[in-house]
>>> print(open('data.cif').read())   # mmCIF, C-alpha atoms
data_model
loop_
_atom_site.label_atom_id
_atom_site.label_comp_id
_atom_site.auth_asym_id
_atom_site.auth_seq_id
_atom_site.Cartn_x
_atom_site.Cartn_y
_atom_site.Cartn_z
CA ALA U 1 46.87 108.82 -35.83
CA GLN U 2 50.51 109.66 -36.31
CA SER U 3 53.38 107.20 -36.28
CA VAL U 4 57.15 107.16 -36.58
CA ALA U 5 59.37 104.40 -37.87
CA GLN U 6 63.06 104.08 -37.14
CA PRO U 7 63.97 101.02 -39.17
CA GLU U 8 67.40 100.43 -37.65
CA ASP U 9 67.80 99.29 -34.06
CA GLN U 10 71.49 100.08 -34.23
CA VAL U 11 73.83 101.99 -36.49
CA ASN U 12 77.56 101.41 -36.33
CA VAL U 13 80.01 103.93 -37.75
CA ALA U 14 83.69 104.65 -37.40
CA GLU U 15 84.78 107.93 -35.92
CA GLY U 16 85.31 110.55 -38.59
CA ASN U 17 82.89 108.94 -41.00
CA PRO U 18 79.51 110.44 -41.86
CA LEU U 19 76.48 109.03 -40.09
CA THR U 20 72.81 108.76 -40.95
CA VAL U 21 70.01 107.70 -38.65
CA LYS U 22 66.79 107.05 -40.54
CA CYS U 23 63.28 108.16 -39.67
CA THR U 24 60.02 108.03 -41.59
CA TYR U 25 56.71 109.34 -40.38
CA SER U 26 53.01 109.27 -40.97
CA VAL U 27 50.74 112.13 -39.91
CA SER U 28 47.63 113.90 -41.08
CA GLY U 29 48.36 117.40 -42.21
CA ASN U 30 51.66 119.18 -41.75
CA PRO U 31 54.22 117.29 -39.69
CA TYR U 32 56.26 118.81 -36.92
CA LEU U 33 59.35 116.68 -36.55
CA PHE U 34 61.94 116.40 -33.81
CA TRP U 35 65.12 114.55 -33.00
CA TYR U 36 66.20 113.85 -29.44
CA VAL U 37 69.23 112.07 -28.02
CA GLN U 38 69.33 110.04 -24.83
CA TYR U 39 72.46 109.11 -22.93
CA PRO U 40 72.36 106.21 -20.44
CA ASN U 41 70.10 106.84 -17.45
CA ARG U 42 69.35 110.35 -18.63
CA GLY U 43 66.36 112.16 -20.03
CA LEU U 44 66.09 113.23 -23.63
CA GLN U 45 68.07 116.13 -25.00
CA PHE U 46 66.61 118.16 -27.84
CA LEU U 47 68.75 118.14 -30.99
CA LEU U 48 66.72 119.81 -33.70
CA LYS U 49 63.28 120.30 -35.14
CA TYR U 50 61.45 120.95 -38.37
CA ILE U 51 58.42 123.19 -38.09
CA THR U 52 58.40 125.01 -41.38
CA GLY U 53 60.81 126.62 -43.82
CA ASP U 54 64.05 125.15 -45.13
CA ASN U 55 64.04 121.42 -45.55
CA LEU U 56 67.58 121.16 -44.17
CA VAL U 57 67.57 121.82 -40.46
CA LYS U 58 70.74 122.34 -38.45
CA GLY U 59 70.84 121.50 -34.78
CA SER U 60 73.08 120.97 -31.80
CA TYR U 61 76.49 119.25 -31.81
CA GLY U 62 76.87 119.44 -35.60
CA PHE U 63 73.78 117.36 -36.37
CA GLU U 64 71.40 118.17 -39.18
CA ALA U 65 68.31 116.61 -40.64
CA GLU U 66 66.58 116.82 -43.98
CA PHE U 67 62.83 116.95 -44.26
CA ASN U 68 61.61 115.16 -47.36
CA LYS U 69 57.88 115.50 -47.78
CA SER U 70 57.55 113.19 -50.77
CA GLN U 71 59.36 110.38 -48.98
CA THR U 72 57.88 111.30 -45.57
CA SER U 73 61.35 111.10 -44.10
CA PHE U 74 63.40 113.10 -41.65
CA HIS U 75 66.82 111.44 -41.51
CA LEU U 76 69.39 112.65 -39.01
CA LYS U 77 72.90 113.23 -40.33
CA LYS U 78 76.32 114.33 -39.24
CA PRO U 79 79.30 114.78 -41.57
CA SER U 80 81.89 113.41 -39.15
CA ALA U 81 80.94 111.17 -36.24
CA LEU U 82 82.56 111.33 -32.81
CA VAL U 83 82.81 108.57 -30.24
CA SER U 84 80.92 110.87 -27.88
CA ASP U 85 77.95 110.77 -30.26
CA SER U 86 77.30 107.18 -29.19
CA ALA U 87 73.82 107.25 -27.64
CA LEU U 88 70.18 106.42 -28.28
CA TYR U 89 68.43 108.64 -30.81
CA PHE U 90 64.70 109.18 -31.02
CA CYS U 91 62.70 110.69 -33.83
CA ALA U 92 59.30 112.15 -32.92
CA VAL U 93 56.36 113.69 -34.73
CA SER U 94 53.48 115.90 -33.72
CA PRO U 95 50.54 116.91 -35.91
CA TYR U 96 50.59 120.48 -34.63
CA THR U 97 52.45 122.72 -32.21
CA GLY U 98 49.77 123.69 -29.74
CA THR U 99 50.80 123.53 -26.12
CA ALA U 100 49.01 120.25 -25.52
CA SER U 101 50.16 118.58 -28.72
CA LYS U 102 51.50 115.12 -28.07
CA LEU U 103 54.68 113.68 -29.44
CA THR U 104 54.75 110.24 -30.95
CA PHE U 105 58.18 108.67 -30.70
CA GLY U 106 59.93 106.11 -32.79
CA THR U 107 61.43 103.06 -31.13
CA GLY U 108 64.88 104.59 -31.06
CA THR U 109 68.15 103.86 -32.84
CA ARG U 110 71.30 103.14 -30.95
CA LEU U 111 74.31 104.82 -32.52
CA GLN U 112 77.65 103.23 -31.84
CA VAL U 113 80.71 105.17 -32.97
CA THR U 114 84.01 103.35 -32.72
CA LEU U 115 87.62 104.43 -33.09
CA GLY H 1 67.70 128.02 -21.67
CA ALA H 2 64.82 125.52 -21.58
CA VAL H 3 66.03 123.59 -18.56
CA VAL H 4 63.77 121.06 -16.87
CA SER H 5 64.73 119.42 -13.61
CA GLN H 6 63.40 116.36 -11.84
CA HIS H 7 63.74 115.30 -8.26
CA PRO H 8 64.70 112.81 -7.09
CA SER H 9 66.95 111.33 -9.75
CA TRP H 10 66.50 107.92 -8.25
CA VAL H 11 64.42 106.41 -5.47
CA ILE H 12 64.06 103.01 -3.89
CA CYS H 13 60.94 102.28 -1.89
CA LYS H 14 59.12 99.39 -0.30
CA SER H 15 56.05 97.86 -1.86
CA GLY H 16 52.87 99.59 -0.71
CA THR H 17 54.41 103.00 -0.11
CA SER H 18 53.86 106.15 -2.17
CA VAL H 19 56.52 108.08 -4.01
CA LYS H 20 56.37 111.66 -5.25
CA ILE H 21 58.42 112.88 -8.21
CA GLU H 22 58.79 116.59 -8.94
CA CYS H 23 59.24 118.18 -12.34
CA ARG H 24 60.24 121.82 -12.60
CA SER H 25 60.80 124.15 -15.53
CA LEU H 26 63.68 126.33 -14.35
CA ASP H 27 63.86 129.16 -16.84
CA PHE H 28 60.45 129.21 -18.46
CA GLN H 29 56.83 128.72 -17.54
CA ALA H 30 54.84 125.73 -18.67
CA THR H 31 51.07 125.60 -18.97
CA THR H 32 51.42 121.98 -19.96
CA MET H 33 53.80 119.32 -18.80
CA PHE H 34 53.94 115.71 -19.85
CA TRP H 35 54.78 112.55 -17.95
CA TYR H 36 56.36 109.56 -19.66
CA ARG H 37 57.42 106.13 -18.62
CA GLN H 38 60.29 104.28 -20.23
CA PHE H 39 61.00 100.57 -19.88
CA PRO H 40 64.51 99.24 -20.47
CA LYS H 41 65.58 99.44 -24.08
CA GLN H 42 62.19 100.76 -25.12
CA SER H 43 60.74 104.01 -26.32
CA LEU H 44 58.86 106.52 -24.21
CA MET H 45 55.25 105.88 -23.33
CA LEU H 46 53.14 108.95 -22.64
CA MET H 47 51.27 108.51 -19.38
CA ALA H 48 49.47 111.81 -18.99
CA THR H 49 49.33 115.45 -19.93
CA SER H 50 49.53 117.72 -16.93
CA ASN H 51 47.60 120.99 -17.16
CA GLU H 52 48.30 123.89 -14.80
CA GLY H 53 45.36 124.53 -12.54
CA SER H 54 43.24 121.68 -13.83
CA LYS H 55 43.04 117.93 -13.93
CA ALA H 56 45.53 115.91 -15.85
CA THR H 57 44.56 114.05 -18.97
CA TYR H 58 45.55 110.41 -18.80
CA GLU H 59 46.34 108.12 -21.69
CA GLN H 60 44.29 105.01 -22.19
CA GLY H 61 45.31 102.24 -19.85
CA VAL H 62 46.99 104.50 -17.28
CA GLU H 63 45.38 104.32 -13.85
CA LYS H 64 44.65 107.85 -12.70
CA ASP H 65 44.17 106.75 -9.10
CA LYS H 66 47.54 105.11 -9.06
CA PHE H 67 49.50 107.83 -10.81
CA LEU H 68 48.37 111.10 -9.26
CA ILE H 69 49.42 114.22 -11.09
CA ASN H 70 49.27 117.74 -9.73
CA HIS H 71 50.26 120.84 -11.66
CA ALA H 72 49.94 123.55 -9.07
CA SER H 73 51.99 126.26 -10.73
CA LEU H 74 53.43 127.18 -14.11
CA THR H 75 56.80 125.74 -13.12
CA LEU H 76 55.97 122.64 -11.09
CA SER H 77 54.20 119.37 -11.77
CA THR H 78 54.30 116.35 -9.49
CA LEU H 79 53.68 112.68 -10.13
CA THR H 80 52.81 110.53 -7.14
CA VAL H 81 52.94 106.78 -7.54
CA THR H 82 50.54 105.51 -4.91
CA SER H 83 50.80 102.10 -3.27
CA ALA H 84 53.76 101.28 -5.42
CA HIS H 85 54.46 97.70 -6.45
CA PRO H 86 57.46 96.13 -8.13
CA GLU H 87 55.78 96.34 -11.54
CA ASP H 88 55.79 100.14 -11.16
CA SER H 89 59.58 100.10 -11.22
CA SER H 90 60.60 102.12 -14.23
CA PHE H 91 62.26 105.27 -15.52
CA TYR H 92 59.87 108.21 -15.33
CA ILE H 93 60.57 111.30 -17.43
CA CYS H 94 58.74 114.60 -17.57
CA SER H 95 58.76 117.26 -20.24
CA ALA H 96 57.54 120.83 -20.52
CA ARG H 97 56.76 123.42 -23.15
CA ASP H 98 56.82 127.19 -22.86
CA LEU H 99 53.70 129.35 -22.90
CA PRO H 100 52.11 129.83 -26.33
CA GLY H 101 53.96 132.24 -28.56
CA LEU H 102 57.10 132.23 -26.47
CA VAL H 103 60.58 131.02 -27.32
CA TYR H 104 60.31 127.43 -26.19
CA ALA H 105 56.63 126.97 -27.03
CA ASP H 106 56.87 124.56 -29.90
CA THR H 107 59.28 122.03 -28.42
CA GLN H 108 59.06 119.65 -25.49
CA TYR H 109 62.07 119.88 -23.23
CA PHE H 110 62.74 116.89 -21.04
CA GLY H 111 63.88 116.42 -17.51
CA PRO H 112 66.75 114.06 -16.65
CA GLY H 113 64.40 111.33 -15.46
CA THR H 114 63.74 109.52 -12.20
CA ARG H 115 64.63 105.87 -11.71
CA LEU H 116 62.06 104.23 -9.42
CA THR H 117 62.77 100.84 -7.92
CA VAL H 118 60.07 99.22 -5.82
CA LEU H 119 61.21 96.35 -3.62
#
>>> encode(input="data.cif", output="structure tokens")
Amino acid sequence: AQSVAQPEDQVNVAEGNPLTVKCTYSVSGNPYLFWYVQYPNRGLQFLLKYITGDNLVKGSYGFEAEFNKSQTSFHLKKPSALVSDSALYFCAVSPYTGTASKLTFGTGTRLQVTL
Amino acid sequence: GAVVSQHPSWVICKSGTSVKIECRSLDFQATTMFWYRQFPKQSLMLMATSNEGSKATYEQGVEKDKFLINHASLTLSTLTVTSAHPEDSSFYICSARDLPGLVYADTQYFGPGTRLTVL
């Protein structure tokens, strides 16, 4: 069975500073990895994904993530944080990309960006 | 692209009544949709996988007679909470994927969620 760990409940960063939200995973076979963001009382918005190819994946709103197979990690990064980035971030993994493939989510990391 | 809508966005009902939540993929077709439940400050819990034209597949511990799922077309799935009770109060979120081989096939796109409060 697959699993995702987001070791930090909350990450605090000042606006303009780089941010990292950590994610490690466990899955049999090739992992398909996703990051989503959730604003209060809203559904999840897709940020980026790793399916295959380059280990550095670029996504929406200036976010990027690096797939590291040896460390089984998929950390989310942004060079310069904005206050508007403050939200709940979820990492998710799937063992394949068939239409019925299920996502397993991490517990979420709350990002707080302050002025 | 890849827009998923839900209706209603919030609903308040009395205990014992049934509530229907709709999930639509607006600009793509979805053979499979997923229904999740999210408790405050917690992650998403998959309730069931909704398959167009066939029965839904429920996760262990989810009562299929209580949470009725219908996926009548490639763009619409409904979740009906039957005989709702206060413990059913939660945030329900659906997601959808495109047909195999198409642009949005390998990613789940989520609706905005429905807040259900049962009095």
>>> atom_distance(input="data.cif", atom1="CA of Leu47 (chain U)", atom2="CA of Thr109 (chain U)")
14.4 Å
>>> closest_residue(input="data.cif", among="H:Glu22, H:Glu87, H:Glu59, H:Asp65", to="chain U", atoms="only C-alpha atoms")
H:Glu59
>>> closest_residue(input="data.cif", among="U:Gln45, U:Thr20, U:Asn30, U:Ser70", to="chain H", atoms="only C-alpha atoms")
U:Gln45
>>> residues_around(input="data.cif", residues="Thr104 (chain U)", least_positions_apart="6", cutoff="8 Å", atoms="all atoms listed in the file", output="ChimeraX atom specification")
/U:2-4,92-94
>>> interface_residues(input="data.cif", of="chain U", to="chain H", cutoff="9 Å", atoms="only C-alpha atoms", output="MDAnalysis selection string")
chainID U and resid 34 41:46 49 51 90 96:100 102:108
>>> residues_around(input="data.cif", residues="region 60-67 of chain U", least_positions_apart="6", cutoff="10 Å", atoms="all atoms listed in the file", output="ChimeraX atom specification")
/U:19-24,31,33-35,45-54,73-81,85
>>> write_last_selection(input="data.cif", atoms="C-alpha atoms", output="PDB file, in the coordinates of the input")
ATOM      1  CA  LEU U  19      76.480 109.030 -40.090  1.00  0.00           C
ATOM      2  CA  THR U  20      72.810 108.760 -40.950  1.00  0.00           C
ATOM      3  CA  VAL U  21      70.010 107.700 -38.650  1.00  0.00           C
ATOM      4  CA  LYS U  22      66.790 107.050 -40.540  1.00  0.00           C
ATOM      5  CA  CYS U  23      63.280 108.160 -39.670  1.00  0.00           C
ATOM      6  CA  THR U  24      60.020 108.030 -41.590  1.00  0.00           C
ATOM      7  CA  PRO U  31      54.220 117.290 -39.690  1.00  0.00           C
ATOM      8  CA  LEU U  33      59.350 116.680 -36.550  1.00  0.00           C
ATOM      9  CA  PHE U  34      61.940 116.400 -33.810  1.00  0.00           C
ATOM     10  CA  TRP U  35      65.120 114.550 -33.000  1.00  0.00           C
ATOM     11  CA  GLN U  45      68.070 116.130 -25.000  1.00  0.00           C
ATOM     12  CA  PHE U  46      66.610 118.160 -27.840  1.00  0.00           C
ATOM     13  CA  LEU U  47      68.750 118.140 -30.990  1.00  0.00           C
ATOM     14  CA  LEU U  48      66.720 119.810 -33.700  1.00  0.00           C
ATOM     15  CA  LYS U  49      63.280 120.300 -35.140  1.00  0.00           C
ATOM     16  CA  TYR U  50      61.450 120.950 -38.370  1.00  0.00           C
ATOM     17  CA  ILE U  51      58.420 123.190 -38.090  1.00  0.00           C
ATOM     18  CA  THR U  52      58.400 125.010 -41.380  1.00  0.00           C
ATOM     19  CA  GLY U  53      60.810 126.620 -43.820  1.00  0.00           C
ATOM     20  CA  ASP U  54      64.050 125.150 -45.130  1.00  0.00           C
ATOM     21  CA  SER U  73      61.350 111.100 -44.100  1.00  0.00           C
ATOM     22  CA  PHE U  74      63.400 113.100 -41.650  1.00  0.00           C
ATOM     23  CA  HIS U  75      66.820 111.440 -41.510  1.00  0.00           C
ATOM     24  CA  LEU U  76      69.390 112.650 -39.010  1.00  0.00           C
ATOM     25  CA  LYS U  77      72.900 113.230 -40.330  1.00  0.00           C
ATOM     26  CA  LYS U  78      76.320 114.330 -39.240  1.00  0.00           C
ATOM     27  CA  PRO U  79      79.300 114.780 -41.570  1.00  0.00           C
ATOM     28  CA  SER U  80      81.890 113.410 -39.150  1.00  0.00           C
ATOM     29  CA  ALA U  81      80.940 111.170 -36.240  1.00  0.00           C
ATOM     30  CA  ASP U  85      77.950 110.770 -30.260  1.00  0.00           C
TER      31      ASP U  85
END
>>> atom_distance(input="data.cif", atom1="CA of Arg110 (chain U)", atom2="CA of Phe39 (chain H)")
15.3 Å
>>> atom_distance(input="data.cif", atom1="CA of Thr117 (chain H)", atom2="CA of Ser90 (chain H)")
6.8 Å
>>> closest_residue(input="data.cif", among="U:Pro18, U:Leu111, U:Glu8, U:Val27", to="Tyr89 (chain U)", atoms="only C-alpha atoms")
U:Leu111
>>> resolve_selection(input="data.cif", expression="the PyMOL selection byres ((chain H and resi 18) around 6)", output="ChimeraX atom specification")
/H:17,19,81-84
>>> axis_aligned_box(input="data.cif", around="region 59-74 of chain H", padding_each_side="6 Å", output="JSON")
{"center_x": 48.8, "center_y": 114.7, "center_z": -15.6, "size_x": 21.3, "size_y": 36.9, "size_z": 25.1}
>>> residues_near_point(input="data.cif", point="(74.9, 110.2, -26.2)", cutoff="6 Å", atoms="all atoms listed in the file", output="number ranges by chain")
U: 38-39, 85-87
>>> write_last_selection(input="data.cif", atoms="C-alpha atoms", output="PDB file, in the frame of the given file")
ATOM      1  CA  GLN U  38      69.330 110.040 -24.830  1.00  0.00           C
ATOM      2  CA  TYR U  39      72.460 109.110 -22.930  1.00  0.00           C
ATOM      3  CA  ASP U  85      77.950 110.770 -30.260  1.00  0.00           C
ATOM      4  CA  SER U  86      77.300 107.180 -29.190  1.00  0.00           C
ATOM      5  CA  ALA U  87      73.820 107.250 -27.640  1.00  0.00           C
TER       6      ALA U  87
END
>>> closest_residue(input="data.cif", among="H:Phe67, H:Ser15, H:Tyr104, H:Lys55", to="Phe28 (chain H)", atoms="only C-alpha atoms")
H:Tyr104
>>> residues_around(input="data.cif", residues="Leu76 (chain H)", least_positions_apart="4", cutoff="8 Å", atoms="only C-alpha atoms", output="MDAnalysis selection string")
chainID H and resid 22:25 71:72
>>> residues_around(input="data.cif", residues="Val113 (chain U)", least_positions_apart="4", cutoff="6 Å", atoms="only C-alpha atoms", output="ChimeraX atom specification")
/U:12-15,83,86
>>> decode(input="data.cif", residues="region 70-81 of chain H", atoms="all heavy atoms", output="PDB file, in the first residue's frame")
ATOM      1  N   ASN H  70     -24.536   7.885  -7.784  1.00  0.00           N
ATOM      2  CA  ASN H  70     -25.007   7.604  -9.132  1.00  0.00           C
ATOM      3  C   ASN H  70     -24.154   8.367 -10.119  1.00  0.00           C
ATOM      4  O   ASN H  70     -23.903   9.553  -9.946  1.00  0.00           O
ATOM      5  CB  ASN H  70     -26.481   8.012  -9.264  1.00  0.00           C
ATOM      6  CG  ASN H  70     -27.034   7.669 -10.627  1.00  0.00           C
ATOM      7  OD1 ASN H  70     -26.909   8.433 -11.574  1.00  0.00           O
ATOM      8  ND2 ASN H  70     -27.622   6.509 -10.730  1.00  0.00           N
ATOM      9  N   HIS H  71     -23.718   7.677 -11.159  1.00  0.00           N
ATOM     10  CA  HIS H  71     -22.867   8.312 -12.175  1.00  0.00           C
ATOM     11  C   HIS H  71     -23.533   8.052 -13.515  1.00  0.00           C
ATOM     12  O   HIS H  71     -23.145   7.160 -14.255  1.00  0.00           O
ATOM     13  CB  HIS H  71     -21.471   7.696 -12.092  1.00  0.00           C
ATOM     14  CG  HIS H  71     -20.426   8.440 -12.856  1.00  0.00           C
ATOM     15  ND1 HIS H  71     -19.099   8.382 -12.497  1.00  0.00           N
ATOM     16  CD2 HIS H  71     -20.481   9.260 -13.914  1.00  0.00           C
ATOM     17  CE1 HIS H  71     -18.392   9.119 -13.339  1.00  0.00           C
ATOM     18  NE2 HIS H  71     -19.222   9.666 -14.195  1.00  0.00           N
ATOM     19  N   ALA H  72     -24.539   8.860 -13.800  1.00  0.00           N
ATOM     20  CA  ALA H  72     -25.429   8.577 -14.925  1.00  0.00           C
ATOM     21  C   ALA H  72     -24.862   8.988 -16.273  1.00  0.00           C
ATOM     22  O   ALA H  72     -25.290   8.489 -17.307  1.00  0.00           O
ATOM     23  CB  ALA H  72     -26.766   9.274 -14.700  1.00  0.00           C
ATOM     24  N   SER H  73     -23.931   9.914 -16.266  1.00  0.00           N
ATOM     25  CA  SER H  73     -23.359  10.367 -17.542  1.00  0.00           C
ATOM     26  C   SER H  73     -21.866  10.633 -17.349  1.00  0.00           C
ATOM     27  O   SER H  73     -21.352  10.584 -16.235  1.00  0.00           O
ATOM     28  CB  SER H  73     -24.056  11.633 -18.023  1.00  0.00           C
ATOM     29  OG  SER H  73     -23.613  12.757 -17.280  1.00  0.00           O
ATOM     30  N   LEU H  74     -21.193  10.924 -18.436  1.00  0.00           N
ATOM     31  CA  LEU H  74     -19.747  11.164 -18.366  1.00  0.00           C
ATOM     32  C   LEU H  74     -19.398  12.509 -17.749  1.00  0.00           C
ATOM     33  O   LEU H  74     -18.226  12.825 -17.571  1.00  0.00           O
ATOM     34  CB  LEU H  74     -19.134  11.064 -19.759  1.00  0.00           C
ATOM     35  CG  LEU H  74     -19.063   9.655 -20.340  1.00  0.00           C
ATOM     36  CD1 LEU H  74     -18.577   9.700 -21.783  1.00  0.00           C
ATOM     37  CD2 LEU H  74     -18.156   8.766 -19.505  1.00  0.00           C
ATOM     38  N   THR H  75     -20.401  13.310 -17.415  1.00  0.00           N
ATOM     39  CA  THR H  75     -20.112  14.611 -16.822  1.00  0.00           C
ATOM     40  C   THR H  75     -20.811  14.845 -15.494  1.00  0.00           C
ATOM     41  O   THR H  75     -20.692  15.925 -14.922  1.00  0.00           O
ATOM     42  CB  THR H  75     -20.509  15.744 -17.791  1.00  0.00           C
ATOM     43  OG1 THR H  75     -21.912  15.635 -18.066  1.00  0.00           O
ATOM     44  CG2 THR H  75     -19.716  15.687 -19.078  1.00  0.00           C
ATOM     45  N   LEU H  76     -21.540  13.855 -14.998  1.00  0.00           N
ATOM     46  CA  LEU H  76     -22.315  14.080 -13.779  1.00  0.00           C
ATOM     47  C   LEU H  76     -22.279  12.867 -12.864  1.00  0.00           C
ATOM     48  O   LEU H  76     -22.585  11.745 -13.269  1.00  0.00           O
ATOM     49  CB  LEU H  76     -23.775  14.404 -14.113  1.00  0.00           C
ATOM     50  CG  LEU H  76     -24.745  14.510 -12.935  1.00  0.00           C
ATOM     51  CD1 LEU H  76     -24.357  15.668 -12.014  1.00  0.00           C
ATOM     52  CD2 LEU H  76     -26.174  14.662 -13.437  1.00  0.00           C
ATOM     53  N   SER H  77     -21.923  13.105 -11.616  1.00  0.00           N
ATOM     54  CA  SER H  77     -22.045  12.110 -10.561  1.00  0.00           C
ATOM     55  C   SER H  77     -22.765  12.767  -9.397  1.00  0.00           C
ATOM     56  O   SER H  77     -22.568  13.957  -9.133  1.00  0.00           O
ATOM     57  CB  SER H  77     -20.672  11.612 -10.102  1.00  0.00           C
ATOM     58  OG  SER H  77     -20.786  10.711  -9.019  1.00  0.00           O
ATOM     59  N   THR H  78     -23.612  12.011  -8.720  1.00  0.00           N
ATOM     60  CA  THR H  78     -24.317  12.543  -7.566  1.00  0.00           C
ATOM     61  C   THR H  78     -24.072  11.671  -6.349  1.00  0.00           C
ATOM     62  O   THR H  78     -23.947  10.449  -6.447  1.00  0.00           O
ATOM     63  CB  THR H  78     -25.827  12.631  -7.811  1.00  0.00           C
ATOM     64  OG1 THR H  78     -26.340  11.329  -8.080  1.00  0.00           O
ATOM     65  CG2 THR H  78     -26.135  13.560  -8.970  1.00  0.00           C
ATOM     66  N   LEU H  79     -23.999  12.348  -5.207  1.00  0.00           N
ATOM     67  CA  LEU H  79     -23.871  11.689  -3.913  1.00  0.00           C
ATOM     68  C   LEU H  79     -25.099  12.071  -3.102  1.00  0.00           C
ATOM     69  O   LEU H  79     -25.352  13.259  -2.905  1.00  0.00           O
ATOM     70  CB  LEU H  79     -22.606  12.155  -3.189  1.00  0.00           C
ATOM     71  CG  LEU H  79     -22.481  11.790  -1.707  1.00  0.00           C
ATOM     72  CD1 LEU H  79     -22.312  10.289  -1.531  1.00  0.00           C
ATOM     73  CD2 LEU H  79     -21.291  12.527  -1.069  1.00  0.00           C
ATOM     74  N   THR H  80     -25.853  11.082  -2.670  1.00  0.00           N
ATOM     75  CA  THR H  80     -27.011  11.332  -1.835  1.00  0.00           C
ATOM     76  C   THR H  80     -26.752  10.782  -0.437  1.00  0.00           C
ATOM     77  O   THR H  80     -26.482   9.586  -0.283  1.00  0.00           O
ATOM     78  CB  THR H  80     -28.282  10.677  -2.413  1.00  0.00           C
ATOM     79  OG1 THR H  80     -28.526  11.198  -3.721  1.00  0.00           O
ATOM     80  CG2 THR H  80     -29.485  10.972  -1.526  1.00  0.00           C
ATOM     81  N   VAL H  81     -26.795  11.674   0.532  1.00  0.00           N
ATOM     82  CA  VAL H  81     -26.660  11.265   1.929  1.00  0.00           C
ATOM     83  C   VAL H  81     -28.067  10.990   2.426  1.00  0.00           C
ATOM     84  O   VAL H  81     -28.887  11.911   2.542  1.00  0.00           O
ATOM     85  CB  VAL H  81     -25.980  12.352   2.764  1.00  0.00           C
ATOM     86  CG1 VAL H  81     -25.787  11.879   4.201  1.00  0.00           C
ATOM     87  CG2 VAL H  81     -24.642  12.751   2.145  1.00  0.00           C
TER      88      VAL H  81
END
